[in-house]
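Peer 1: What follows is run-v8.txt, compact mmCIF, C-alpha atoms and all ligand atoms.
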```txt
# COMPACT_ATOMS: atom_id res chain seq x y z
CA MET H 1 -3.21 6.29 24.75
CA ASN H 2 0.55 6.91 24.63
CA VAL H 3 0.95 10.30 22.91
CA LYS H 4 4.06 9.37 20.87
CA VAL H 5 2.45 6.17 19.61
CA GLU H 6 -0.81 8.01 18.83
CA LYS H 7 1.08 10.57 16.73
CA ALA H 8 3.06 7.88 14.90
CA LEU H 9 -0.13 5.86 14.18
CA ASN H 10 -1.79 8.98 12.76
CA GLN H 11 1.24 9.47 10.52
CA GLN H 12 0.84 5.87 9.37
CA VAL H 13 -2.85 6.44 8.62
CA HIS H 14 -1.63 9.29 6.44
CA ALA H 15 1.03 7.10 4.77
CA GLU H 16 -1.60 4.43 4.00
CA PHE H 17 -3.91 7.02 2.47
CA PHE H 18 -0.98 8.22 0.37
CA SER H 19 -0.47 4.59 -0.73
CA PHE H 20 -4.16 4.56 -1.73
CA TYR H 21 -3.57 7.71 -3.81
CA LEU H 22 -0.38 6.37 -5.40
CA TYR H 23 -1.99 3.09 -6.51
CA LEU H 24 -4.99 5.02 -7.86
CA SER H 25 -2.62 7.25 -9.83
CA VAL H 26 -0.80 4.22 -11.23
CA ALA H 27 -4.22 2.71 -12.10
CA ALA H 28 -5.12 5.89 -14.00
CA TYR H 29 -1.77 5.77 -15.84
CA PHE H 30 -2.36 2.19 -16.98
CA ALA H 31 -5.98 2.88 -17.93
CA ALA H 32 -4.80 5.82 -20.07
CA ASN H 33 -2.33 3.46 -21.75
CA HIS H 34 -4.99 0.81 -22.51
CA LEU H 35 -3.56 -1.79 -20.12
CA ASP H 36 -6.86 -2.39 -18.36
CA GLY H 37 -5.71 -5.50 -16.47
CA PHE H 38 -2.85 -3.55 -14.88
CA ALA H 39 -5.27 -0.71 -14.14
CA HIS H 40 -7.70 -3.13 -12.47
CA TRP H 41 -4.94 -4.72 -10.36
CA MET H 42 -3.69 -1.32 -9.16
CA ARG H 43 -7.22 -0.23 -8.36
CA VAL H 44 -7.83 -3.32 -6.25
CA GLN H 45 -4.54 -2.61 -4.47
CA ALA H 46 -5.66 0.97 -3.84
CA GLN H 47 -8.74 -0.46 -2.10
CA GLU H 48 -6.46 -2.63 0.03
CA GLU H 49 -4.47 0.45 1.00
CA PHE H 50 -7.68 2.23 2.01
CA ASN H 51 -8.41 -0.79 4.20
CA HIS H 52 -4.92 -0.57 5.76
CA ALA H 53 -5.60 3.05 6.70
CA MET H 54 -9.02 2.20 8.13
CA LYS H 55 -7.65 -0.63 10.23
CA LEU H 56 -5.36 1.88 11.99
CA PHE H 57 -8.21 4.42 12.15
CA ASP H 58 -10.37 1.83 13.95
CA PHE H 59 -7.52 0.83 16.27
CA LEU H 60 -6.90 4.45 17.30
CA ASN H 61 -10.59 4.83 18.15
CA GLU H 62 -10.73 1.51 19.96
CA ARG H 63 -7.76 2.48 22.16
CA GLY H 64 -9.19 5.89 23.06
CA GLY H 65 -6.79 7.78 20.78
CA THR H 66 -7.66 10.72 18.55
CA VAL H 67 -7.70 10.29 14.78
CA GLU H 68 -6.05 13.23 13.04
CA LEU H 69 -6.40 13.19 9.26
CA LEU H 70 -3.51 14.97 7.55
CA PRO H 71 -3.38 16.51 4.06
CA ILE H 72 -2.42 14.09 1.28
CA ASP H 73 0.11 15.19 -1.37
CA ALA H 74 -0.61 14.56 -5.04
CA PRO H 75 1.22 11.45 -6.25
CA ALA H 76 3.20 11.26 -9.53
CA ARG H 77 1.03 10.83 -12.64
CA GLU H 78 3.46 9.84 -15.35
CA TRP H 79 6.11 7.17 -15.70
CA PRO H 80 8.41 6.38 -18.63
CA GLY H 81 6.86 2.93 -19.08
CA PRO H 82 5.02 0.05 -17.36
CA SER H 83 8.05 -1.29 -15.47
CA ALA H 84 8.86 2.20 -14.11
CA ALA H 85 5.28 2.53 -12.82
CA VAL H 86 5.48 -0.86 -11.11
CA GLU H 87 8.94 0.00 -9.77
CA ALA H 88 7.46 3.14 -8.19
CA VAL H 89 5.02 1.04 -6.15
CA LEU H 90 7.74 -1.49 -5.31
CA ASN H 91 9.96 1.29 -3.93
CA HIS H 92 6.99 2.71 -2.08
CA GLU H 93 6.23 -0.66 -0.46
CA ARG H 94 9.86 -0.91 0.68
CA ALA H 95 9.58 2.54 2.27
CA ILE H 96 6.31 1.51 3.97
CA SER H 97 8.02 -1.58 5.40
CA GLY H 98 10.69 0.69 6.89
CA ARG H 99 7.98 2.85 8.46
CA ILE H 100 6.19 -0.16 9.93
CA ASN H 101 9.45 -1.45 11.42
CA SER H 102 10.09 1.94 13.02
CA LEU H 103 6.54 1.92 14.41
CA VAL H 104 7.13 -1.49 15.98
CA ASP H 105 10.38 -0.18 17.50
CA LEU H 106 8.54 2.81 18.96
CA ALA H 107 5.61 0.79 20.35
CA THR H 108 8.07 -1.69 21.90
CA ALA H 109 10.19 1.08 23.44
CA GLU H 110 7.01 2.66 24.88
CA ASN H 111 5.82 -0.70 26.28
CA ASP H 112 2.64 -0.37 24.23
CA HIS H 113 2.05 -4.09 23.81
CA ALA H 114 -1.41 -3.76 22.26
CA THR H 115 0.01 -1.62 19.45
CA THR H 116 3.02 -3.90 18.99
CA VAL H 117 0.78 -6.94 18.57
CA MET H 118 -1.61 -5.09 16.23
CA LEU H 119 1.37 -4.02 14.09
CA HIS H 120 2.44 -7.63 13.56
CA TRP H 121 -0.37 -7.85 11.00
CA TYR H 122 1.30 -5.03 9.05
CA VAL H 123 4.75 -6.62 9.32
CA ASN H 124 3.38 -9.79 7.70
CA GLU H 125 1.37 -7.85 5.14
CA GLN H 126 4.49 -5.97 4.03
CA VAL H 127 6.39 -9.22 3.41
CA GLU H 128 3.60 -10.24 1.02
CA GLU H 129 3.21 -6.82 -0.60
CA GLU H 130 6.93 -6.37 -1.26
CA ALA H 131 7.21 -9.89 -2.70
CA THR H 132 4.19 -9.38 -4.98
CA ALA H 133 5.41 -6.00 -6.27
CA ASP H 134 8.93 -7.37 -6.74
CA THR H 135 7.69 -10.34 -8.81
CA LEU H 136 5.45 -8.13 -10.93
CA PHE H 137 8.27 -5.64 -11.51
CA HIS H 138 10.68 -8.35 -12.69
CA GLN H 139 8.08 -10.00 -14.92
CA VAL H 140 7.17 -6.70 -16.57
CA LYS H 141 10.83 -5.84 -17.01
CA MET H 142 11.37 -9.21 -18.75
CA VAL H 143 8.65 -8.65 -21.35
CA GLU H 144 8.61 -4.88 -21.66
CA SER H 145 9.95 -4.83 -25.20
CA SER H 146 7.27 -7.30 -26.32
CA PRO H 147 3.66 -6.05 -26.59
CA TYR H 148 2.53 -9.69 -26.61
CA GLY H 149 4.23 -10.36 -23.26
CA LEU H 150 2.71 -7.24 -21.73
CA LEU H 151 -0.75 -8.22 -22.95
CA MET H 152 -0.33 -11.69 -21.44
CA ILE H 153 0.46 -10.17 -18.03
CA ASP H 154 -2.37 -7.67 -18.48
CA ARG H 155 -4.83 -10.50 -19.01
CA GLU H 156 -3.59 -12.28 -15.90
CA LEU H 157 -3.80 -9.13 -13.73
CA ALA H 158 -7.39 -8.55 -14.86
CA GLY H 159 -8.41 -11.60 -12.81
CA ARG H 160 -7.44 -10.17 -9.41
CA PRO H 161 -10.46 -10.43 -7.10
CA ALA H 162 -11.82 -7.31 -5.39
CA ALA H 163 -10.41 -6.42 -1.95
CA ALA H 164 -12.56 -7.36 1.03
CA ALA H 165 -14.45 -4.51 2.71
CA PRO H 166 -12.61 -2.72 5.54
CA SER H 167 -13.01 -4.50 8.85
CA PRO H 168 -12.42 -3.14 12.36
CA ALA H 169 -8.94 -3.77 13.85
CA GLU H 170 -8.47 -7.41 14.74
FE1 LIG N 201 0.94 -1.57 0.43
O1 LIG N 201 0.74 -1.78 2.25
FE2 LIG N 201 -0.18 -0.46 3.06
O2 LIG N 201 0.83 0.93 2.49
```
Take the structure in the file and give it back as structure tokens.
Peer 2:
Amino acid sequence: MNVKVEKALNQQVHAEFFSFYLYLSVAAYFAANHLDGFAHWMRVQAQEEFNHAMKLFDFLNERGGTVELLPIDAPAREWPGPSAAVEAVLNHERAISGRINSLVDLATAENDHATTVMLHWYVNEQVEEEATADTLFHQVKMVESSPYGLLMIDRELAGRPAAAAPSPAE
């Protein structure tokens, strides 16, 4: 497998595992603040991030690349309030989109068509993830001064279904 692409995909595996850690940390923050619906939603998203990492892990193996797992930094643990915690994941999703776009640029420049096509899944996924985080951030911001509003959102977020189990790269 192309060495530059292999290295960049391993860095993305690392970024996805950091996403997993960040959402888990936000889940812990909400659980500690008795917003269990928010905590549940973030925990389900953490599972999705684990799946994103594993999809790249499987692709690297499938293409004859070497998986190199890198150390994961500790994420933040505290935020000034619910909207700040959601804003942290929104900003993170925006940064991830930038990384995915750079990966597509690299794979295209290296004529690695298989990787380019595989990455289209991530391009689409980021459109959805940014939009979801953006909506949640604005809704939380709207009601933040009202405990009733926050509890309404909390109840809604509690209904998020579990993430599907990781599947090999499609
Ligand atoms: Fe949230 O999409 Fe992966 O990182």
Peer 1: Mind running chain H against ligand LIG 201 (chain N) at 7 Å and telling me each contacting residue's nearest atom pair with the distance in Å (one decimal), counting only C-alpha atoms and all ligand atoms, chain and number ascending, as a Markdown table?
Peer 2:
```
| residue | atom | partner | partner_atom | distance |
| --- | --- | --- | --- | --- |
| H:Ala15 | CA | N:LIG201 | O2 | 6.6 |
| H:Glu16 | CA | N:LIG201 | O2 | 4.5 |
| H:Ser19 | CA | N:LIG201 | O2 | 5.0 |
| H:Glu49 | CA | N:LIG201 | FE2 | 4.8 |
| H:His52 | CA | N:LIG201 | FE2 | 5.5 |
| H:Glu93 | CA | N:LIG201 | FE1 | 5.4 |
| H:Ile96 | CA | N:LIG201 | O2 | 5.7 |
| H:Glu125 | CA | N:LIG201 | O1 | 6.8 |
| H:Gln126 | CA | N:LIG201 | O1 | 5.9 |
| H:Glu129 | CA | N:LIG201 | FE1 | 5.8 |
```
Peer 1: At a cut-off of 12 Å, using only C-alpha atoms, what residues contact region 106-116 of chain H? Leave out same-chain residues fewer than 3 positions from it and give the result as an mmCIF file with C-alpha atoms, in the coordinates of the input.
Peer 2:
```cif
data_model
loop_
_atom_site.group_PDB
_atom_site.id
_atom_site.type_symbol
_atom_site.label_atom_id
_atom_site.label_comp_id
_atom_site.auth_asym_id
_atom_site.auth_seq_id
_atom_site.Cartn_x
_atom_site.Cartn_y
_atom_site.Cartn_z
ATOM 1 C CA MET H 1 -3.210 6.290 24.750
ATOM 2 C CA ASN H 2 0.550 6.910 24.630
ATOM 3 C CA VAL H 3 0.950 10.300 22.910
ATOM 4 C CA LYS H 4 4.060 9.370 20.870
ATOM 5 C CA VAL H 5 2.450 6.170 19.610
ATOM 6 C CA GLU H 6 -0.810 8.010 18.830
ATOM 7 C CA LYS H 7 1.080 10.570 16.730
ATOM 8 C CA ALA H 8 3.060 7.880 14.900
ATOM 9 C CA LEU H 9 -0.130 5.860 14.180
ATOM 10 C CA LEU H 56 -5.360 1.880 11.990
ATOM 11 C CA PHE H 59 -7.520 0.830 16.270
ATOM 12 C CA LEU H 60 -6.900 4.450 17.300
ATOM 13 C CA GLU H 62 -10.730 1.510 19.960
ATOM 14 C CA ARG H 63 -7.760 2.480 22.160
ATOM 15 C CA GLY H 65 -6.790 7.780 20.780
ATOM 16 C CA ARG H 99 7.980 2.850 8.460
ATOM 17 C CA ILE H 100 6.190 -0.160 9.930
ATOM 18 C CA ASN H 101 9.450 -1.450 11.420
ATOM 19 C CA SER H 102 10.090 1.940 13.020
ATOM 20 C CA LEU H 103 6.540 1.920 14.410
ATOM 21 C CA LEU H 119 1.370 -4.020 14.090
ATOM 22 C CA HIS H 120 2.440 -7.630 13.560
ATOM 23 C CA TRP H 121 -0.370 -7.850 11.000
ATOM 24 C CA TYR H 122 1.300 -5.030 9.050
ATOM 25 C CA VAL H 123 4.750 -6.620 9.320
ATOM 26 C CA ALA H 169 -8.940 -3.770 13.850
ATOM 27 C CA GLU H 170 -8.470 -7.410 14.740
#
```
Peer 1: So, counting all atoms listed in the file, which residue among H:His92, H:Arg160, H:His40, H:His14 is closest to Asp134 (chain H)?
Peer 2: H:His92
Peer 1: Env of Ser83 (chain H): 8 Å cut, atoms = all atoms listed in the file, seq-sep filter 4 positions within chain, self excluded. Answer as a ChimeraX atom specification.
Peer 2: /H:87,137,140-141,144
Peer 1: Between H:Ile153, H:Tyr23, H:Lys55, H:Pro71, which residue has the minimum interatomic distance to Arg43 (chain H), considering all atoms listed in the file?
Peer 2: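 Of the candidates, the smallest distance to Arg43 (chain H) is held by H:Tyr23.
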Peer 1: Extract, using all atoms listed in the file, all DNA, RNA and protein residues at most 12 Å from Phe20 (chain H), discarding same-chain residues fewer than 2 positions from it, and format them as a PyMOL selection string.
Peer 2: chain H and resi 13-18+22-27+42-54+72-75+89+92-93
Peer 1: Neighbours of Phe38 (chain H) within 8 Å (all atoms listed in the file; same-chain residues fewer than 4 positions away dropped), as a list in words?
Peer 2: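 The contact residues come out as Ala27, Phe30, Ala31, Met42, Asp154, Leu157 and Ala158 of chain H.
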Peer 1: In Å, with one decimal, what is the gap from CA of Met152 (chain H) to CA of Ala28 (chain H)?
Peer 2: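 According to the coordinates, CA of Met152 (chain H) and CA of Ala28 (chain H) are separated by 19.7 Å.
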Peer 1: CA of Gln139 (chain H) and CA of Gly81 (chain H) are how many Å apart?
Peer 2: 13.6 Å
Peer 1: With N, CA, C and O atoms as the target, complete region 19-34 of chain H and hand it back as an mmCIF file, in the frame of the given file.
Peer 2:
```cif
data_model
loop_
_atom_site.group_PDB
_atom_site.id
_atom_site.type_symbol
_atom_site.label_atom_id
_atom_site.label_comp_id
_atom_site.auth_asym_id
_atom_site.auth_seq_id
_atom_site.Cartn_x
_atom_site.Cartn_y
_atom_site.Cartn_z
ATOM 1 N N SER H 19 -0.605 5.815 0.070
ATOM 2 C CA SER H 19 -0.470 4.590 -0.730
ATOM 3 C C SER H 19 -1.720 4.407 -1.603
ATOM 4 O O SER H 19 -1.624 4.059 -2.784
ATOM 5 N N PHE H 20 -2.882 4.638 -0.992
ATOM 6 C CA PHE H 20 -4.160 4.560 -1.730
ATOM 7 C C PHE H 20 -4.107 5.489 -2.943
ATOM 8 O O PHE H 20 -4.415 5.077 -4.074
ATOM 9 N N TYR H 21 -3.667 6.714 -2.733
ATOM 10 C CA TYR H 21 -3.570 7.710 -3.810
ATOM 11 C C TYR H 21 -2.579 7.269 -4.879
ATOM 12 O O TYR H 21 -2.825 7.428 -6.079
ATOM 13 N N LEU H 22 -1.428 6.747 -4.444
ATOM 14 C CA LEU H 22 -0.380 6.370 -5.400
ATOM 15 C C LEU H 22 -0.878 5.226 -6.300
ATOM 16 O O LEU H 22 -0.737 5.285 -7.524
ATOM 17 N N TYR H 23 -1.490 4.210 -5.688
ATOM 18 C CA TYR H 23 -1.990 3.090 -6.510
ATOM 19 C C TYR H 23 -3.102 3.569 -7.459
ATOM 20 O O TYR H 23 -3.191 3.102 -8.594
ATOM 21 N N LEU H 24 -3.936 4.489 -6.976
ATOM 22 C CA LEU H 24 -4.990 5.020 -7.860
ATOM 23 C C LEU H 24 -4.368 5.759 -9.045
ATOM 24 O O LEU H 24 -4.846 5.647 -10.180
ATOM 25 N N SER H 25 -3.289 6.497 -8.770
ATOM 26 C CA SER H 25 -2.620 7.250 -9.830
ATOM 27 C C SER H 25 -1.990 6.302 -10.832
ATOM 28 O O SER H 25 -2.059 6.525 -12.048
ATOM 29 N N VAL H 26 -1.391 5.217 -10.326
ATOM 30 C CA VAL H 26 -0.800 4.220 -11.230
ATOM 31 C C VAL H 26 -1.921 3.536 -12.031
ATOM 32 O O VAL H 26 -1.768 3.274 -13.232
ATOM 33 N N ALA H 27 -3.064 3.299 -11.394
ATOM 34 C CA ALA H 27 -4.220 2.710 -12.100
ATOM 35 C C ALA H 27 -4.656 3.630 -13.244
ATOM 36 O O ALA H 27 -4.928 3.168 -14.363
ATOM 37 N N ALA H 28 -4.701 4.923 -12.969
ATOM 38 C CA ALA H 28 -5.120 5.890 -14.000
ATOM 39 C C ALA H 28 -4.110 5.893 -15.153
ATOM 40 O O ALA H 28 -4.496 5.962 -16.334
ATOM 41 N N TYR H 29 -2.828 5.800 -14.812
ATOM 42 C CA TYR H 29 -1.770 5.770 -15.840
ATOM 43 C C TYR H 29 -1.951 4.560 -16.762
ATOM 44 O O TYR H 29 -1.901 4.683 -17.993
ATOM 45 N N PHE H 30 -2.193 3.390 -16.147
ATOM 46 C CA PHE H 30 -2.360 2.190 -16.980
ATOM 47 C C PHE H 30 -3.656 2.253 -17.794
ATOM 48 O O PHE H 30 -3.677 1.841 -18.961
ATOM 49 N N ALA H 31 -4.714 2.768 -17.190
ATOM 50 C CA ALA H 31 -5.980 2.880 -17.930
ATOM 51 C C ALA H 31 -5.786 3.785 -19.147
ATOM 52 O O ALA H 31 -6.266 3.478 -20.251
ATOM 53 N N ALA H 32 -5.042 4.885 -18.961
ATOM 54 C CA ALA H 32 -4.800 5.820 -20.070
ATOM 55 C C ALA H 32 -3.962 5.168 -21.161
ATOM 56 O O ALA H 32 -3.996 5.591 -22.317
ATOM 57 N N ASN H 33 -3.189 4.143 -20.777
ATOM 58 C CA ASN H 33 -2.330 3.460 -21.750
ATOM 59 C C ASN H 33 -2.926 2.135 -22.244
ATOM 60 O O ASN H 33 -2.215 1.290 -22.796
ATOM 61 N N HIS H 34 -4.224 1.953 -21.984
ATOM 62 C CA HIS H 34 -4.990 0.810 -22.510
ATOM 63 C C HIS H 34 -4.497 -0.539 -21.985
ATOM 64 O O HIS H 34 -4.679 -1.552 -22.651
#
```
